[in-house]
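All remarks here apply to the structure that follows.
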Amino acid sequence: MRLSRGARVTLGSVAGVILAVIYLPLLVVLINSFNSSMNMTWPLPGLTTNWWARALEADGLVSAITTSFEVAAASTAISLVLGTLLSLALSRYRFFGRQTVSLLVVLPIALPGIVTGIALNNAFRTMLGLQLTMFTVVIAHVTFCIVTVYNNAFARLSRMNRNLEEASADLGAGLWTTFRLVTFPQLRSALFAGGLLAFGLSFDEIIVTTFTAGGDTVTLPIWILNNMFRPGQAPVVNVVAVVLVVFSALPIYFAQRLTSTDQRR
Amino acid sequence: MKRMTAMKLSALAIAAAVSLSGCASSGGSNADGMVSKLGDNEKSVSLLGWPGYAEKDWVAPFESSTGCKVTFKSYGTSDEALTLFKTGDYDAVAASGDLTLRLIAGKNVQPLNTDLMPNYANVYSFLKDRSWNSADGKTYGVPHGYGANLLMYNTDVVKPAPTSWDVVFDKASAYKGKVTAYDSPIYLADAALYLMKHDTTLGITNPYALDETQLAAAVDLLKQQRQNIGEYWSDYVKTGQSFETGNTVVGTTWQVIVNAMAKGTKVKAIMPSEGATGWSDSWMISSSAKSPNCAYQWLNYIDSPKANAMAVEYFGEAPVTQDACQYTSDKTFCDSYHAGDAAYSDKIWYWTTPIAKCLDGRTDVKCTDYQAWTKAWQQIKG
Amino acid sequence: MRDSASVSELQANPVVRVSSARRISTLLYARAKLRLALLLAAPVFWLGLVYIAALLAMFVTALYSVDSFTGDIRPGFNLDNIASLFTDPLYVNVTMRTLGVALLVTVVDVLIALPIAFFMAKVASPRLQRILVIAVLMPLWASYLVKAYAWRSVLSNTGLAQWLLQPLGLSTPGYGIPAVVITLGYLWLPYVILPIYAGLERVPNSLLEASSDLGAKTWATLRLVVFPMLVPAVIAGSIFSFSLSLGDYITVNIVGGPNQMLGNLVYTNIGTANNLPMAATVALVPVVIMFGYLAAVRRTGALDNL
């Protein structure tokens, strides 16, 4: 389809306006991090760098970021394994219940977080008698992170040329060797993209986390929520958000590069 | 945080004040599960409380003087606290009056031997052995701090200056869409208090003891109020912001929110003529505490002048001893919070869990309990 | 698969040193069902035994009741809770309100996502494309709560929205249901853009060119070629915005004025009233809605586009 120049320009400007709207609230966050009002009120009564200084020594902030990283990393790692297994099974085999399994994997992301949250909370505490810890948060996060890995891997596997795998087998390579040397390299960028999305989902998750985290497991979103309820602390969270957005650009950029070079191949 | 460094320096001094008879080898307890004698401090203590109830500033000196390493978990609502505390993971909890009776009835907490906590002697007498921190003549909680749910209004918009809660009830329609109220079932007591003073035919004598008819009257009042509500609030930022921007012009507030207002915001907070609801939070010790000795040390410590001053000033509520007033960083703090003012305290109906057995002593009717209040609250919000 | 053939070839080959790992591999290679079982075991265990069992157990408690004072759950078989979903106007009203918000958020998000996703996938150069994907993804890192409070700032009486709209004779919507739709729509937008972008990227340019070579107008190409391929991607995106809105209770607290949604009822029942049975009952509502939605869209292939 050849779009006329006019259509391209119109589309481009619409996209530009949408992007501006996407970034407007982030700009507000940036400005609020210098807002001298303790309640982040507009128009700004004055400017201050106080919140940036406070963020540096904020109680528990570093450990909250670390916890979130640990939870997200563990959830992503497990999701990568489980999602890959599942995508191999569903893309390479036709079996009874296949449809059900594909629905099963979508369910945790399709059902509202509060449902997942209270169901797992009830299961961990009342049924299994477990104490809520970081471990229970990871179990909960994995349930809804599997789907992002699975979908990316499944899409790639469906487009993958099966002849290579068969050739490898015919040449005497075992299943593991074939997977390691033939399937995995083709799958890698899809797994990276899926893993990144899973990491992001887990890192910012708040509702399920609220219900599955024990007392000592303070993830970043929980820390932010707590600070909203602590006197005179709220604007510090804006600083945290600004820093996170800036630092997140790098991994996403590399992920993107990796995915697109792979596709061009 | 300047206070922080000052604290580290004085940690040693406090250590002396806090440490009790540390030489006793093992604790003992008498028949009703009350500890009679303290033993050696355990290595750690696990606390549950409102956000801001155990901050580094006053936890660190406690840890260094007693050797009890503190882990603290904060909760958002009293009911979340109940759920958490029931897990048995916590040695002590800071509970508001809408939670304490449930903990006592559920035998989740133990009666306290106040002799083991020397600082308790200095606590204001109007806070001791009240209906929300004692039962059957036994003390179950030591006070942390207290405060009132005040009426705040925008002095530019709300004229003449109100003296009664009627601005958020009968006269609220004048400020339609700009009225706020605390978002919790316990807010029903505010309506009940108003009815207690203005509709004597209902016969309400305690806003926490409402029979079916009385509750229905309170619900009706709040359903009318709902028409005029701009938003309900439960966090500081939200309500403070709304008063600053003028989205809200009148409603309930806490002193700490008033104090956090940007300079020049045209608001004022008052104790209306009807009096007000309020809170007096108590630290209680779990009946299955793993570190009872450290828990006792903490309860004693939180009522010590310096620690109490820091804790209540951080949170924004009145301290529980007169001695604490000399340690607040803001020297007018105790005045602005009416600390120790018994007449002021008498106007406060402190949060108490509504239970089926009427708290006002009536035996001919059953009162509505907290679950009924919660249901009613959801209906009011609609 | 030529399983048996390759196995015999392998066995006939004397050069292969037969280690135990190799033996397992050979065994697996021969047994497709065993391989499948091994592949499925861990993920199905995780999702089935952890997730589904937990869900079922929770819905069983919807039939229980609660001792109001001590908060203990009394097992039993009791349909009162479920009946109240239909008879109590509160639950009916809140369900309708929540459903309305979720639908509106989804429609708004899809309408916004379509042009920008189309521009990203079909107009932008590969370099610009990469930058745009990052630009769309970045806000995801700025914490849900921070963004919701930012919108609270923007929509306040003296906020940015008022400042921008006043010259046009308009004013900020203030706090309420419109603010909830705006904020939720904003929060979930990246989750809707990405699947649609990915879906459009899969539409080969050659197909579009073929269509126009055959004389189709731009609009006809869009309608007859692009749209059918886009439907699963749009539905995939809508699953995100719809389900995330359906269960939200935090945004409505921040910008929703005095309103409550289904999530609030669930949260209040478990958080404030400590009434798990009633919370489980209310939670059934979004679950039933989502199951209906998933069943309806399953055939479109949308579930593979998430």
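All residue names refer to the structure tokens as shown: chains lettered A, B, ... in order, residues numbered from 1 in each chain, ligands numbered from 1 in order.
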
All helix (DSSP H, G or I) residues (DSSP, backbone) inside region 54-290 of chain B, as a PyMOL selection string: chain B and resi 56-66+78-86+97-105+114-116+118-122+125-127+165-167+172-175+185-198+200-202+212-226+236-245+255-260

Which chain B residues have any atom within 6 Å of an atom of chain C, and for each, what is the nearest pair of atoms with distance in Å to one decimal, counting only C-alpha atoms, rows sorted by chain and number, as a tab-separated table?
residue	atom	partner	partner_atom	distance
B:Asp79	CA	C:Thr272	CA	4.9
B:Glu80	CA	C:Gly271	CA	5.3
B:Gly106	CA	C:Thr70	CA	5.9
B:Gly230	CA	C:Gly257	CA	5.6
B:Glu231	CA	C:Gly257	CA	4.1
B:Tyr232	CA	C:Pro258	CA	5.6
B:Thr245	CA	C:Thr158	CA	5.8
B:Asn247	CA	C:Asn157	CA	5.9
B:Gln371	CA	C:Ser68	CA	5.7
B:Gly382	CA	C:Leu90	CA	5.7

If you keep C-alpha atoms, can you produce a file of those selected residues as a short mmCIF file (atom, residue, chain, number, x, y, z; two decimals), in the first residue's frame?
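again_17.cif was written with the following content:
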data_model
loop_
_atom_site.label_atom_id
_atom_site.label_comp_id
_atom_site.auth_asym_id
_atom_site.auth_seq_id
_atom_site.Cartn_x
_atom_site.Cartn_y
_atom_site.Cartn_z
CA ASP B 79 -8.17 -5.02 59.56
CA GLU B 80 -5.06 -5.74 57.57
CA GLY B 106 -9.40 -13.35 70.10
CA GLY B 230 -16.00 15.30 46.30
CA GLU B 231 -13.88 12.39 47.40
CA TYR B 232 -13.18 10.21 50.41
CA THR B 245 -5.95 23.11 45.15
CA ASN B 247 -10.88 20.63 45.07
CA GLN B 371 -18.97 -6.22 59.95
CA GLY B 382 -22.57 2.94 46.47
#

Excluding same-chain residues fewer than 3 positions from Gly263 (chain C), what lies within 10 Å of it counting only C-alpha atoms, as a PyMOL selection string? (chain A and resi 112-115) or (chain C and resi 94-95+98+245-250+252+260+266-269+279+282-283+286)

Which residues of chain B are close to chain A, meaning at most 9 Å apart when you count only C-alpha atoms, and how do they look as a PDB file with C-alpha atoms, in the first residue's frame?
ATOM      1  CA  MET B   1      17.708  14.536  58.880  1.00  0.00           C
ATOM      2  CA  LEU B  48       3.672  -4.461  63.509  1.00  0.00           C
ATOM      3  CA  PRO B  51       3.481   3.467  58.864  1.00  0.00           C
ATOM      4  CA  GLY B  52       5.875   5.764  60.699  1.00  0.00           C
ATOM      5  CA  GLU B  55      11.404   4.679  62.141  1.00  0.00           C
ATOM      6  CA  LYS B  56      15.173   4.406  62.157  1.00  0.00           C
ATOM      7  CA  THR B  71      11.984  -5.886  62.222  1.00  0.00           C
ATOM      8  CA  PHE B  72       9.022  -3.689  61.476  1.00  0.00           C
ATOM      9  CA  LYS B  73       6.074  -4.219  59.173  1.00  0.00           C
ATOM     10  CA  SER B  74       3.577  -1.468  58.563  1.00  0.00           C
ATOM     11  CA  TYR B  75      -0.065  -1.950  57.706  1.00  0.00           C
ATOM     12  CA  GLY B  76      -2.635   0.220  55.956  1.00  0.00           C
ATOM     13  CA  LEU B  84      -1.234 -10.065  59.752  1.00  0.00           C
ATOM     14  CA  THR B  87      -0.186 -15.257  61.599  1.00  0.00           C
ATOM     15  CA  ASP B  89       4.778 -13.708  63.232  1.00  0.00           C
ATOM     16  CA  SER B 234      -7.345   7.784  53.477  1.00  0.00           C
ATOM     17  CA  ASP B 235      -3.849   9.082  52.698  1.00  0.00           C
ATOM     18  CA  TYR B 236      -2.234  12.369  53.636  1.00  0.00           C
ATOM     19  CA  VAL B 237      -1.103  13.366  50.183  1.00  0.00           C
ATOM     20  CA  LYS B 238      -4.512  13.028  48.658  1.00  0.00           C
ATOM     21  CA  THR B 239      -6.440  15.119  51.142  1.00  0.00           C
ATOM     22  CA  GLY B 240      -3.669  17.672  51.636  1.00  0.00           C
ATOM     23  CA  GLN B 241      -3.449  18.194  47.878  1.00  0.00           C
ATOM     24  CA  SER B 242      -7.199  18.633  47.567  1.00  0.00           C
ATOM     25  CA  GLU B 244      -4.391  23.123  48.625  1.00  0.00           C
ATOM     26  CA  THR B 245      -5.952  23.105  45.154  1.00  0.00           C
ATOM     27  CA  VAL B 256      -0.462  16.420  60.876  1.00  0.00           C
ATOM     28  CA  ILE B 257      -2.167  17.181  57.557  1.00  0.00           C
ATOM     29  CA  ALA B 260       1.955  19.839  56.232  1.00  0.00           C
ATOM     30  CA  MET B 261      -0.059  22.419  54.300  1.00  0.00           C
ATOM     31  CA  ALA B 262       1.949  24.777  52.125  1.00  0.00           C
ATOM     32  CA  LYS B 263       2.431  28.160  53.771  1.00  0.00           C
ATOM     33  CA  TYR B 314       7.126  12.164  63.118  1.00  0.00           C
ATOM     34  CA  PHE B 315       3.599  10.819  62.835  1.00  0.00           C
ATOM     35  CA  GLY B 316       1.810  13.967  63.943  1.00  0.00           C
TER      36      GLY B 316
END

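Distance check against Asp170 (chain B) using only C-alpha atoms: of B:Ile285, B:Ala342, B:Val109, B:Leu221, the minimum falls on B:Leu221.
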
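Comparing C:Gly199, C:Pro75, C:Pro139, C:Pro228 by their smallest distance to chain A, the closest is C:Pro139 (using only C-alpha atoms).
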
Could you list, as a compact mmCIF listing (two decimals) with all heavy atoms, in the first residue's frame, every residue within 8 Å of region 23-34 of chain A, counting only C-alpha atoms and ignoring same-chain residues fewer than 2 positions away?
# COMPACT_ATOMS: atom_id res chain seq x y z
N LEU A 19 2.42 10.62 21.37
CA LEU A 19 3.64 10.52 22.18
C LEU A 19 3.73 11.66 23.17
O LEU A 19 4.14 11.47 24.32
CB LEU A 19 4.87 10.53 21.27
CG LEU A 19 5.38 9.17 20.82
CD1 LEU A 19 6.64 9.34 20.00
CD2 LEU A 19 5.66 8.27 22.02
N ALA A 20 3.35 12.85 22.73
CA ALA A 20 3.40 14.00 23.63
C ALA A 20 2.49 13.76 24.83
O ALA A 20 2.86 14.04 25.98
CB ALA A 20 2.97 15.26 22.89
N VAL A 21 1.30 13.20 24.56
CA VAL A 21 0.38 12.92 25.66
C VAL A 21 0.95 11.85 26.60
O VAL A 21 0.80 11.92 27.81
CB VAL A 21 -1.01 12.49 25.11
CG1 VAL A 21 -1.91 12.05 26.24
CG2 VAL A 21 -1.64 13.63 24.34
N SER A 36 8.10 22.19 45.74
CA SER A 36 8.35 22.40 47.17
C SER A 36 7.14 22.02 48.03
O SER A 36 7.24 21.90 49.23
CB SER A 36 8.74 23.85 47.44
OG SER A 36 7.62 24.68 47.28
N MET A 40 2.59 17.79 46.54
CA MET A 40 2.74 17.80 45.08
C MET A 40 1.64 18.63 44.41
O MET A 40 1.07 18.22 43.41
CB MET A 40 2.73 16.37 44.53
CG MET A 40 3.71 15.46 45.23
SD MET A 40 3.80 13.84 44.50
CE MET A 40 2.41 13.03 45.21
N LEU A 47 10.28 25.87 44.16
CA LEU A 47 11.12 24.76 43.73
C LEU A 47 12.08 24.37 44.84
O LEU A 47 12.49 25.21 45.64
CB LEU A 47 11.93 25.16 42.48
CG LEU A 47 11.11 25.40 41.22
CD1 LEU A 47 11.99 25.95 40.11
CD2 LEU A 47 10.44 24.11 40.77
N THR A 48 12.44 23.09 44.86
CA THR A 48 13.38 22.63 45.87
C THR A 48 14.11 21.40 45.36
O THR A 48 13.57 20.63 44.55
CB THR A 48 12.66 22.28 47.19
OG1 THR A 48 13.61 21.76 48.09
CG2 THR A 48 11.58 21.23 46.97
N THR A 49 15.34 21.22 45.81
CA THR A 49 16.06 19.98 45.48
C THR A 49 16.04 19.05 46.68
O THR A 49 16.67 18.01 46.68
CB THR A 49 17.53 20.27 45.10
OG1 THR A 49 18.09 21.07 46.15
CG2 THR A 49 17.62 21.00 43.78
N ASN A 50 15.25 19.46 47.66
CA ASN A 50 15.14 18.71 48.91
C ASN A 50 14.82 17.24 48.69
O ASN A 50 15.41 16.35 49.30
CB ASN A 50 14.04 19.39 49.74
CG ASN A 50 13.84 18.72 51.07
OD1 ASN A 50 14.74 18.02 51.54
ND2 ASN A 50 12.68 18.90 51.67
N TRP A 51 13.87 16.95 47.77
CA TRP A 51 13.43 15.56 47.59
C TRP A 51 14.54 14.72 47.00
O TRP A 51 14.65 13.53 47.31
CB TRP A 51 12.18 15.51 46.71
CG TRP A 51 11.10 16.44 47.19
CD1 TRP A 51 10.57 17.48 46.52
CD2 TRP A 51 10.47 16.44 48.48
NE1 TRP A 51 9.63 18.12 47.27
CE2 TRP A 51 9.55 17.51 48.49
CE3 TRP A 51 10.58 15.63 49.62
CZ2 TRP A 51 8.75 17.81 49.59
CZ3 TRP A 51 9.78 15.92 50.70
CH2 TRP A 51 8.88 16.99 50.69
N TRP A 52 15.35 15.33 46.12
CA TRP A 52 16.47 14.57 45.54
C TRP A 52 17.47 14.22 46.64
O TRP A 52 18.01 13.12 46.68
CB TRP A 52 17.12 15.35 44.40
CG TRP A 52 16.28 15.30 43.17
CD1 TRP A 52 15.18 16.05 42.90
CD2 TRP A 52 16.44 14.41 42.06
NE1 TRP A 52 14.63 15.69 41.69
CE2 TRP A 52 15.39 14.69 41.15
CE3 TRP A 52 17.36 13.40 41.73
CZ2 TRP A 52 15.23 14.00 39.94
CZ3 TRP A 52 17.22 12.73 40.53
CH2 TRP A 52 16.16 13.02 39.65
N PRO A 235 6.78 13.16 47.91
CA PRO A 235 7.45 13.62 46.69
C PRO A 235 8.74 12.86 46.38
O PRO A 235 9.21 12.89 45.25
CB PRO A 235 7.72 15.10 46.98
CG PRO A 235 6.71 15.48 48.00
CD PRO A 235 6.56 14.26 48.86
N VAL A 236 9.29 12.17 47.37
CA VAL A 236 10.51 11.40 47.13
C VAL A 236 10.27 10.35 46.04
O VAL A 236 11.16 10.06 45.24
CB VAL A 236 10.98 10.72 48.43
CG1 VAL A 236 12.12 9.77 48.17
CG2 VAL A 236 11.40 11.77 49.45
N VAL A 237 9.05 9.83 45.97
CA VAL A 237 8.78 8.77 45.00
C VAL A 237 8.90 9.28 43.56
O VAL A 237 9.22 8.52 42.64
CB VAL A 237 7.39 8.13 45.21
CG1 VAL A 237 7.24 7.63 46.62
CG2 VAL A 237 6.28 9.08 44.85
N ASN A 238 8.68 10.58 43.35
CA ASN A 238 8.84 11.14 42.00
C ASN A 238 10.29 11.03 41.55
O ASN A 238 10.57 10.75 40.39
CB ASN A 238 8.41 12.60 41.97
CG ASN A 238 6.93 12.75 42.20
OD1 ASN A 238 6.14 12.06 41.56
ND2 ASN A 238 6.54 13.60 43.12
N VAL A 239 11.20 11.27 42.48
CA VAL A 239 12.63 11.16 42.17
C VAL A 239 12.94 9.74 41.72
O VAL A 239 13.61 9.52 40.70
CB VAL A 239 13.46 11.52 43.42
CG1 VAL A 239 14.94 11.36 43.11
CG2 VAL A 239 13.14 12.92 43.90
N ALA A 241 10.95 7.56 40.42
CA ALA A 241 10.38 7.27 39.10
C ALA A 241 11.24 7.87 37.99
O ALA A 241 11.49 7.21 36.98
CB ALA A 241 8.95 7.81 39.03
N VAL A 242 11.68 9.09 38.19
CA VAL A 242 12.51 9.75 37.17
C VAL A 242 13.77 8.93 36.92
O VAL A 242 14.13 8.62 35.77
CB VAL A 242 12.87 11.19 37.60
CG1 VAL A 242 13.91 11.77 36.66
CG2 VAL A 242 11.63 12.06 37.63
N PRO C 139 7.62 4.64 29.65
CA PRO C 139 6.76 5.04 30.76
C PRO C 139 6.38 3.87 31.67
O PRO C 139 6.02 4.06 32.82
CB PRO C 139 5.50 5.59 30.07
CG PRO C 139 5.95 5.99 28.72
CD PRO C 139 7.05 5.05 28.35
N ALA C 142 7.99 3.90 35.05
CA ALA C 142 7.77 4.98 36.01
C ALA C 142 6.69 4.63 37.01
O ALA C 142 5.83 5.43 37.29
CB ALA C 142 7.39 6.26 35.27
N VAL C 146 3.15 6.30 40.86
CA VAL C 146 3.68 7.63 40.57
C VAL C 146 2.91 8.25 39.42
O VAL C 146 2.54 9.42 39.44
CB VAL C 146 5.18 7.53 40.26
CG1 VAL C 146 5.72 8.87 39.81
CG2 VAL C 146 5.94 7.03 41.47
N LYS C 147 2.62 7.44 38.40
CA LYS C 147 1.89 7.95 37.25
C LYS C 147 0.46 8.32 37.63
O LYS C 147 -0.07 9.33 37.18
CB LYS C 147 1.90 6.92 36.11
CG LYS C 147 3.23 6.89 35.38
CD LYS C 147 3.23 5.86 34.28
CE LYS C 147 3.33 4.45 34.82
NZ LYS C 147 3.41 3.43 33.77
N ALA C 150 0.54 11.49 39.32
CA ALA C 150 0.83 12.56 38.37
C ALA C 150 -0.47 13.02 37.70
O ALA C 150 -0.72 14.21 37.55
CB ALA C 150 1.83 12.09 37.32
N TRP C 151 -1.31 12.05 37.34
CA TRP C 151 -2.60 12.42 36.74
C TRP C 151 -3.46 13.16 37.74
O TRP C 151 -4.24 14.03 37.38
CB TRP C 151 -3.32 11.18 36.19
CG TRP C 151 -2.89 10.90 34.80
CD1 TRP C 151 -2.05 9.90 34.41
CD2 TRP C 151 -3.24 11.63 33.62
NE1 TRP C 151 -1.84 9.97 33.06
CE2 TRP C 151 -2.56 11.01 32.54
CE3 TRP C 151 -4.03 12.74 33.37
CZ2 TRP C 151 -2.67 11.48 31.23
CZ3 TRP C 151 -4.15 13.20 32.07
CH2 TRP C 151 -3.47 12.57 31.01
N SER C 153 -2.38 15.23 39.93
CA SER C 153 -1.87 16.61 39.82
C SER C 153 -2.45 17.30 38.60
O SER C 153 -2.94 18.41 38.67
CB SER C 153 -0.34 16.60 39.67
OG SER C 153 0.29 16.61 40.91
N VAL C 154 -2.35 16.59 37.45
CA VAL C 154 -2.76 17.19 36.18
C VAL C 154 -4.24 17.58 36.21
O VAL C 154 -4.62 18.64 35.73
CB VAL C 154 -2.49 16.21 35.02
CG1 VAL C 154 -3.11 16.72 33.73
CG2 VAL C 154 -1.00 16.01 34.84

Let me make sure I understand: among A:Met127, A:Ala110, A:Ser13, A:Val71, which one has the smallest atom-to-atom distance to chain C if we use only C-alpha atoms?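 Once distances to chain C are computed over only C-alpha atoms, the minimum belongs to A:Ala110.
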
Test item, strand (DSSP E or B) assignment across region 24-229 of chain B, answer as a ChimeraX atom specification: /B:28-29,35-37,44-49,69-74,92-95,109,123,134-135,138-139,142-148,150-154,179-182,229

Residues within 9 Å of Thr219 (chain A), please, as a PyMOL selection string. Count only C-alpha atoms; anything in the same chain fewer than 2 positions from it doesn't count. chain A and resi 63-69+71+203-204+206+209+213+217+221-224

Would you put the residues from that selection into a file with all heavy atoms, as a tab-separated table (two decimals), in the first residue's frame?
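Written out: again.tsv:
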chain	number	residue	atom	x	y	z
A	63	SER	N	17.19	-0.99	49.45
A	63	SER	CA	16.84	-2.40	49.66
A	63	SER	C	15.54	-2.74	48.93
A	63	SER	O	15.36	-3.87	48.46
A	63	SER	CB	16.77	-2.73	51.15
A	63	SER	OG	15.48	-2.54	51.64
A	64	ALA	N	14.65	-1.76	48.79
A	64	ALA	CA	13.41	-2.02	48.04
A	64	ALA	C	13.72	-2.25	46.57
A	64	ALA	O	13.17	-3.16	45.94
A	64	ALA	CB	12.43	-0.86	48.21
A	65	ILE	N	14.62	-1.42	46.02
A	65	ILE	CA	15.00	-1.61	44.62
A	65	ILE	C	15.67	-2.96	44.44
A	65	ILE	O	15.38	-3.70	43.50
A	65	ILE	CB	15.91	-0.45	44.15
A	65	ILE	CG1	15.12	0.86	44.15
A	65	ILE	CG2	16.46	-0.73	42.76
A	65	ILE	CD1	15.92	2.08	43.77
A	66	THR	N	16.56	-3.30	45.38
A	66	THR	CA	17.23	-4.60	45.30
A	66	THR	C	16.22	-5.73	45.35
A	66	THR	O	16.28	-6.67	44.55
A	66	THR	CB	18.21	-4.75	46.49
A	66	THR	OG1	18.90	-3.52	46.66
A	66	THR	CG2	19.20	-5.87	46.23
A	67	THR	N	15.29	-5.64	46.29
A	67	THR	CA	14.27	-6.69	46.41
A	67	THR	C	13.49	-6.83	45.11
A	67	THR	O	13.28	-7.93	44.62
A	67	THR	CB	13.30	-6.37	47.56
A	67	THR	OG1	14.05	-6.14	48.74
A	67	THR	CG2	12.32	-7.50	47.78
A	68	SER	N	13.07	-5.70	44.55
A	68	SER	CA	12.32	-5.75	43.30
A	68	SER	C	13.15	-6.41	42.20
A	68	SER	O	12.62	-7.19	41.41
A	68	SER	CB	11.90	-4.35	42.87
A	68	SER	OG	10.65	-4.04	43.41
A	69	PHE	N	14.43	-6.05	42.16
A	69	PHE	CA	15.30	-6.66	41.15
A	69	PHE	C	15.41	-8.17	41.36
A	69	PHE	O	15.33	-8.95	40.41
A	69	PHE	CB	16.70	-6.03	41.19
A	69	PHE	CG	16.90	-5.02	40.11
A	69	PHE	CD1	16.84	-3.67	40.39
A	69	PHE	CD2	17.12	-5.41	38.79
A	69	PHE	CE1	16.99	-2.72	39.39
A	69	PHE	CE2	17.27	-4.48	37.79
A	69	PHE	CZ	17.21	-3.13	38.08
A	71	VAL	N	13.30	-10.18	42.95
A	71	VAL	CA	12.02	-10.83	42.65
A	71	VAL	C	11.83	-10.92	41.14
A	71	VAL	O	11.50	-11.98	40.59
A	71	VAL	CB	10.84	-10.05	43.28
A	71	VAL	CG1	9.51	-10.52	42.72
A	71	VAL	CG2	10.86	-10.20	44.78
A	203	PHE	N	8.45	-6.25	37.96
A	203	PHE	CA	9.09	-5.14	38.66
A	203	PHE	C	8.07	-4.11	39.15
A	203	PHE	O	8.22	-3.55	40.23
A	203	PHE	CB	10.10	-4.46	37.72
A	203	PHE	CG	11.07	-3.57	38.42
A	203	PHE	CD1	12.18	-4.11	39.05
A	203	PHE	CD2	10.89	-2.20	38.45
A	203	PHE	CE1	13.09	-3.31	39.70
A	203	PHE	CE2	11.80	-1.38	39.10
A	203	PHE	CZ	12.90	-1.93	39.73
A	204	ASP	N	7.04	-3.86	38.37
A	204	ASP	CA	6.08	-2.81	38.72
A	204	ASP	C	4.78	-3.37	39.29
A	204	ASP	O	3.83	-2.64	39.51
A	204	ASP	CB	5.78	-1.93	37.50
A	204	ASP	CG	5.08	-0.62	37.89
A	204	ASP	OD1	5.35	-0.14	39.00
A	204	ASP	OD2	4.27	-0.12	37.11
A	206	ILE	N	1.94	-4.45	41.67
A	206	ILE	CA	1.65	-4.03	43.04
A	206	ILE	C	0.50	-4.80	43.68
A	206	ILE	O	0.58	-5.17	44.85
A	206	ILE	CB	1.40	-2.51	43.12
A	206	ILE	CG1	1.03	-2.10	44.54
A	206	ILE	CG2	0.31	-2.05	42.17
A	206	ILE	CD1	1.39	-0.73	44.86
A	209	THR	N	1.38	-8.45	44.48
A	209	THR	CA	2.46	-8.38	45.47
A	209	THR	C	1.92	-8.04	46.85
A	209	THR	O	2.34	-8.63	47.85
A	209	THR	CB	3.49	-7.33	45.04
A	209	THR	OG1	3.75	-7.49	43.65
A	209	THR	CG2	4.78	-7.49	45.81
A	213	ALA	N	3.18	-10.77	49.61
A	213	ALA	CA	4.46	-10.44	50.23
A	213	ALA	C	4.35	-10.48	51.74
A	213	ALA	O	3.38	-10.01	52.32
A	213	ALA	CB	4.91	-9.06	49.77
A	217	THR	N	9.35	-8.42	53.00
A	217	THR	CA	9.54	-8.29	51.56
A	217	THR	C	8.93	-6.99	51.09
A	217	THR	O	7.74	-6.91	50.83
A	217	THR	CB	8.88	-9.46	50.81
A	217	THR	OG1	9.21	-10.66	51.50
A	217	THR	CG2	9.37	-9.55	49.38
A	221	PRO	N	7.38	-1.05	44.40
A	221	PRO	CA	6.01	-0.51	44.43
A	221	PRO	C	5.42	-0.46	45.83
A	221	PRO	O	4.72	0.49	46.18
A	221	PRO	CB	5.22	-1.50	43.55
A	221	PRO	CG	6.23	-2.10	42.66
A	221	PRO	CD	7.50	-2.16	43.45
A	222	ILE	N	5.71	-1.46	46.66
A	222	ILE	CA	5.19	-1.46	48.03
A	222	ILE	C	5.83	-0.31	48.81
A	222	ILE	O	5.17	0.38	49.59
A	222	ILE	CB	5.51	-2.80	48.74
A	222	ILE	CG1	4.94	-3.96	47.94
A	222	ILE	CG2	5.04	-2.79	50.17
A	222	ILE	CD1	3.63	-4.47	48.37
A	223	TRP	N	7.12	-0.11	48.59
A	223	TRP	CA	7.82	0.98	49.26
A	223	TRP	C	7.18	2.31	48.89
A	223	TRP	O	6.95	3.18	49.73
A	223	TRP	CB	9.30	0.96	48.86
A	223	TRP	CG	10.14	1.97	49.57
A	223	TRP	CD1	10.76	1.82	50.77
A	223	TRP	CD2	10.45	3.31	49.12
A	223	TRP	NE1	11.43	2.97	51.09
A	223	TRP	CE2	11.26	3.89	50.11
A	223	TRP	CE3	10.11	4.04	47.99
A	223	TRP	CZ2	11.74	5.20	50.00
A	223	TRP	CZ3	10.58	5.34	47.88
A	223	TRP	CH2	11.39	5.91	48.88
A	224	ILE	N	6.89	2.46	47.60
A	224	ILE	CA	6.28	3.71	47.13
A	224	ILE	C	4.91	3.89	47.77
A	224	ILE	O	4.58	4.97	48.27
A	224	ILE	CB	6.17	3.71	45.59
A	224	ILE	CG1	7.57	3.82	44.98
A	224	ILE	CG2	5.28	4.84	45.09
A	224	ILE	CD1	7.62	3.73	43.48

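For the residues B:Met310, B:Trp298, B:Met271, B:Asn41, ranking by smallest atom-to-atom distance to Ser329 (chain B) using only C-alpha atoms places B:Met310 first.
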
What's the 6 Å shell around Ser44 (chain B), counting only C-alpha atoms, without same-chain residues fewer than 4 positions away, as a PyMOL selection string? chain B and resi 68-70

Smallest atom-to-atom distance to Ser91 (chain A): which of A:Leu56, A:Val147, A:Leu157, A:Leu103, using only C-alpha atoms?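 Checking each of A:Leu56, A:Val147, A:Leu157, A:Leu103 against Ser91 (chain A), counting only C-alpha atoms, the winner is A:Leu157.
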